[in-house]
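This report concerns only the one structure given below.
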Amino acid sequence: MTSLEKKIEELVKPIIENLGYKVYDVLYQKEGKDNYLRIFIDSPKGINLNDCELVNNSIDSILDEKDYIKAQYYLEISSPGIERNLRRDEQFLDNIGKKIEVHLYNSINNNKIITGILKEYNNDNIVVDDIIIDKTNISSAKTIYNWEEC
C-alpha cells in the first residue's frame, strides 16, 4: 500500500465505518491515460449498488476538499468480490486455511503461480501447502472461491 493510499484510507475510514461498512482496501492506479481511486468496502450482509452509492456520496466531497490527488481521477466504490486480492497482513491472516493463488516475480520449482492452502503467514514469508514463499517474491495474491460448493 502506497503512502497516498494510506492517507486516503485514514481520511475515509471513519466515514465509511460510521455508515456500517468496513474498508477492505484502497487502490490508486493509472490505467492508460486515466487515474482510478478504487475503494473496496465490505459488510457481513454483503455489498450492493446502493451501498456503493451511499459511500460514494458520503466521501466524494471530503476527497475533493482535501485534494490529496492533484490529477483528475475516477472514484470507484465496490465490493472486493468473491475472489479477493490479498495485499495486507490482516487479509492474509484472515485467510489461513483457505485456498489462495499467488503470482511470483521469480519462479519456485519452475512455477510462477502457486495455488494451494495458505498454511502460515509471518513477517518474512507465507507457506502455501508445503511451499515457503518469501513475501518479497509475491507480485499478487488472491483467494480462490470453491465454485463446486455452490
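Letters A, B, ... mark the chains of the C-alpha cells in the order given; residue numbers begin at 1 per chain; ligand numbers begin at 1, in order shown.
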Can you tell me, as a PyMOL selection string, what residues are no more than 8 Å from Tyr105 in chain A when counting only C-alpha atoms, ignoring any on the same chain fewer than 3 positions away?
chain A and resi 112+137-139
Keeping only N, CA and C atoms, write those residues as an mmCIF file, in the first residue's frame.
```cif
data_model
loop_
_atom_site.group_PDB
_atom_site.id
_atom_site.type_symbol
_atom_site.label_atom_id
_atom_site.label_comp_id
_atom_site.auth_asym_id
_atom_site.auth_seq_id
_atom_site.Cartn_x
_atom_site.Cartn_y
_atom_site.Cartn_z
ATOM 1 N N LYS A 112 5.608 -19.936 -11.606
ATOM 2 C CA LYS A 112 5.439 -18.538 -11.211
ATOM 3 C C LYS A 112 4.064 -18.305 -10.604
ATOM 4 N N ASN A 137 8.848 -11.889 -2.915
ATOM 5 C CA ASN A 137 8.708 -12.559 -4.204
ATOM 6 C C ASN A 137 7.251 -12.575 -4.692
ATOM 7 N N ILE A 138 6.329 -12.047 -3.912
ATOM 8 C CA ILE A 138 4.910 -12.076 -4.274
ATOM 9 C C ILE A 138 4.552 -10.844 -5.096
ATOM 10 N N SER A 139 4.120 -11.071 -6.333
ATOM 11 C CA SER A 139 3.668 -9.945 -7.152
ATOM 12 C C SER A 139 2.180 -9.677 -6.908
#
```
Filtered DSSP result for range 69-122 of chain A, state strand (DSSP E or B), as a list in words
Tyr74, Leu75, Glu76, Ile77, Ser78, Asn85, Lys99, Ile100, Glu101, Val102, His103, Leu104, Tyr105, Asn106, Ser107, Ile108, Asn111, Lys112, Ile113, Ile114, Thr115, Gly116, Ile117, Leu118, Lys119, Glu120 and Tyr121 of chain A
Using only N, CA and C atoms, please write the residues we just selected to a file, as a compact mmCIF listing (two decimals), in the first residue's frame.
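Wrote part12.txt, looks like this:
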```txt
# COMPACT_ATOMS: atom_id res chain seq x y z
N TYR A 74 -10.97 8.97 -11.48
CA TYR A 74 -12.31 8.41 -11.34
C TYR A 74 -12.37 7.71 -9.99
N LEU A 75 -13.42 7.99 -9.23
CA LEU A 75 -13.64 7.34 -7.95
C LEU A 75 -14.56 6.15 -8.17
N GLU A 76 -14.11 4.97 -7.74
CA GLU A 76 -14.92 3.76 -7.85
C GLU A 76 -15.05 3.14 -6.47
N ILE A 77 -16.28 2.87 -6.05
CA ILE A 77 -16.56 2.18 -4.81
C ILE A 77 -17.15 0.83 -5.18
N SER A 78 -16.59 -0.25 -4.61
CA SER A 78 -17.12 -1.57 -4.95
C SER A 78 -16.83 -2.57 -3.85
N ASN A 85 -8.42 -9.91 -3.68
CA ASN A 85 -6.98 -9.66 -3.66
C ASN A 85 -6.50 -9.61 -2.22
N LYS A 99 -7.96 -21.62 0.36
CA LYS A 99 -7.24 -21.76 -0.90
C LYS A 99 -6.94 -20.38 -1.47
N ILE A 100 -5.67 -20.20 -1.87
CA ILE A 100 -5.26 -18.94 -2.49
C ILE A 100 -4.41 -19.22 -3.72
N GLU A 101 -4.24 -18.19 -4.53
CA GLU A 101 -3.37 -18.24 -5.70
C GLU A 101 -2.36 -17.11 -5.56
N VAL A 102 -1.09 -17.46 -5.69
CA VAL A 102 -0.01 -16.50 -5.52
C VAL A 102 0.79 -16.40 -6.82
N HIS A 103 0.94 -15.19 -7.34
CA HIS A 103 1.77 -14.94 -8.52
C HIS A 103 3.11 -14.42 -8.02
N LEU A 104 4.18 -14.97 -8.60
CA LEU A 104 5.54 -14.69 -8.13
C LEU A 104 6.34 -13.88 -9.14
N TYR A 105 7.27 -13.10 -8.64
CA TYR A 105 8.24 -12.43 -9.50
C TYR A 105 9.25 -13.44 -10.04
N ASN A 106 9.72 -14.30 -9.14
CA ASN A 106 10.71 -15.32 -9.51
C ASN A 106 10.13 -16.70 -9.23
N SER A 107 10.30 -17.60 -10.18
CA SER A 107 9.66 -18.92 -10.06
C SER A 107 10.23 -19.74 -8.91
N ILE A 108 9.38 -20.61 -8.39
CA ILE A 108 9.76 -21.60 -7.39
C ILE A 108 9.40 -22.94 -7.99
N ASN A 111 7.68 -22.77 -11.26
CA ASN A 111 6.32 -22.23 -11.29
C ASN A 111 6.31 -20.77 -10.84
N LYS A 112 5.61 -19.94 -11.61
CA LYS A 112 5.44 -18.54 -11.21
C LYS A 112 4.06 -18.30 -10.60
N ILE A 113 3.22 -19.36 -10.61
CA ILE A 113 1.90 -19.29 -9.97
C ILE A 113 1.78 -20.49 -9.05
N ILE A 114 1.52 -20.22 -7.78
CA ILE A 114 1.36 -21.27 -6.79
C ILE A 114 -0.07 -21.21 -6.27
N THR A 115 -0.78 -22.33 -6.34
CA THR A 115 -2.14 -22.41 -5.84
C THR A 115 -2.20 -23.50 -4.78
N GLY A 116 -2.82 -23.18 -3.65
CA GLY A 116 -2.94 -24.16 -2.58
C GLY A 116 -3.52 -23.53 -1.34
N ILE A 117 -3.44 -24.26 -0.26
CA ILE A 117 -3.98 -23.79 1.01
C ILE A 117 -2.93 -22.94 1.74
N LEU A 118 -3.33 -21.75 2.16
CA LEU A 118 -2.46 -20.88 2.93
C LEU A 118 -2.32 -21.46 4.33
N LYS A 119 -1.14 -21.93 4.66
CA LYS A 119 -0.90 -22.60 5.95
C LYS A 119 -0.37 -21.64 7.01
N GLU A 120 0.53 -20.72 6.59
CA GLU A 120 1.16 -19.81 7.53
C GLU A 120 1.40 -18.45 6.89
N TYR A 121 1.48 -17.45 7.76
CA TYR A 121 1.81 -16.09 7.33
C TYR A 121 2.58 -15.43 8.46
```
Test item: residues at most 9 Å from range 42-45 of chain A, only C-alpha atoms, excluding those fewer than 6 positions along its chain, as a count of residues only:
8
For range 1-5 of chain A, list every protein, DNA or RNA residue within 10 Å, evaluated using only C-alpha atoms, and leave out those in the same chain fewer than 5 positions away; present the list as number ranges by chain.
A: 10-11, 25-28, 37-39, 68-69, 87-88
Using the selection just defined, write its residues with C-alpha atoms as a PDB file, in the first residue's frame.
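Heads up, here's the output in result.pdb:
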```pdb
ATOM      1  CA  GLU A  10      -7.177   7.281   7.100  1.00  0.00           C
ATOM      2  CA  LEU A  11      -9.392  10.073   5.754  1.00  0.00           C
ATOM      3  CA  ASP A  25      -8.719  -1.934   0.528  1.00  0.00           C
ATOM      4  CA  VAL A  26      -7.801   1.353  -1.156  1.00  0.00           C
ATOM      5  CA  LEU A  27      -6.075   1.268  -4.511  1.00  0.00           C
ATOM      6  CA  TYR A  28      -4.881   4.183  -6.651  1.00  0.00           C
ATOM      7  CA  LEU A  37      -9.136   5.632  -6.959  1.00  0.00           C
ATOM      8  CA  ARG A  38     -10.775   2.347  -6.023  1.00  0.00           C
ATOM      9  CA  ILE A  39     -12.156   1.885  -2.548  1.00  0.00           C
ATOM     10  CA  TYR A  68      -4.702  14.606  -1.962  1.00  0.00           C
ATOM     11  CA  ILE A  69      -4.780  13.606  -5.623  1.00  0.00           C
ATOM     12  CA  ARG A  87      -2.381  -7.197  -0.032  1.00  0.00           C
ATOM     13  CA  ARG A  88      -2.487  -6.577   3.712  1.00  0.00           C
TER      14      ARG A  88
END
```
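Atom pair CA of Gly81 in chain A / CA of Asp124 in chain A has a distance of 27.3 Å (rounded to one decimal).
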So that I can check the secondary structure, give me every residue of chain A assigned helix (DSSP H, G or I) by backbone DSSP, as a PyMOL selection string.
chain A and resi 3-18+49-66+89-94+135-137+147-149
Selection near Ile82 in chain A, 12 Å with only C-alpha atoms, sequence-local residues under 4 positions removed, as number ranges by chain
A: 42, 46-47, 78, 142-147
For CA of Asp34 in chain A and CA of Tyr73 in chain A, quote the distance in Å rounded to one decimal.
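These atoms are spaced 6.6 Å apart.
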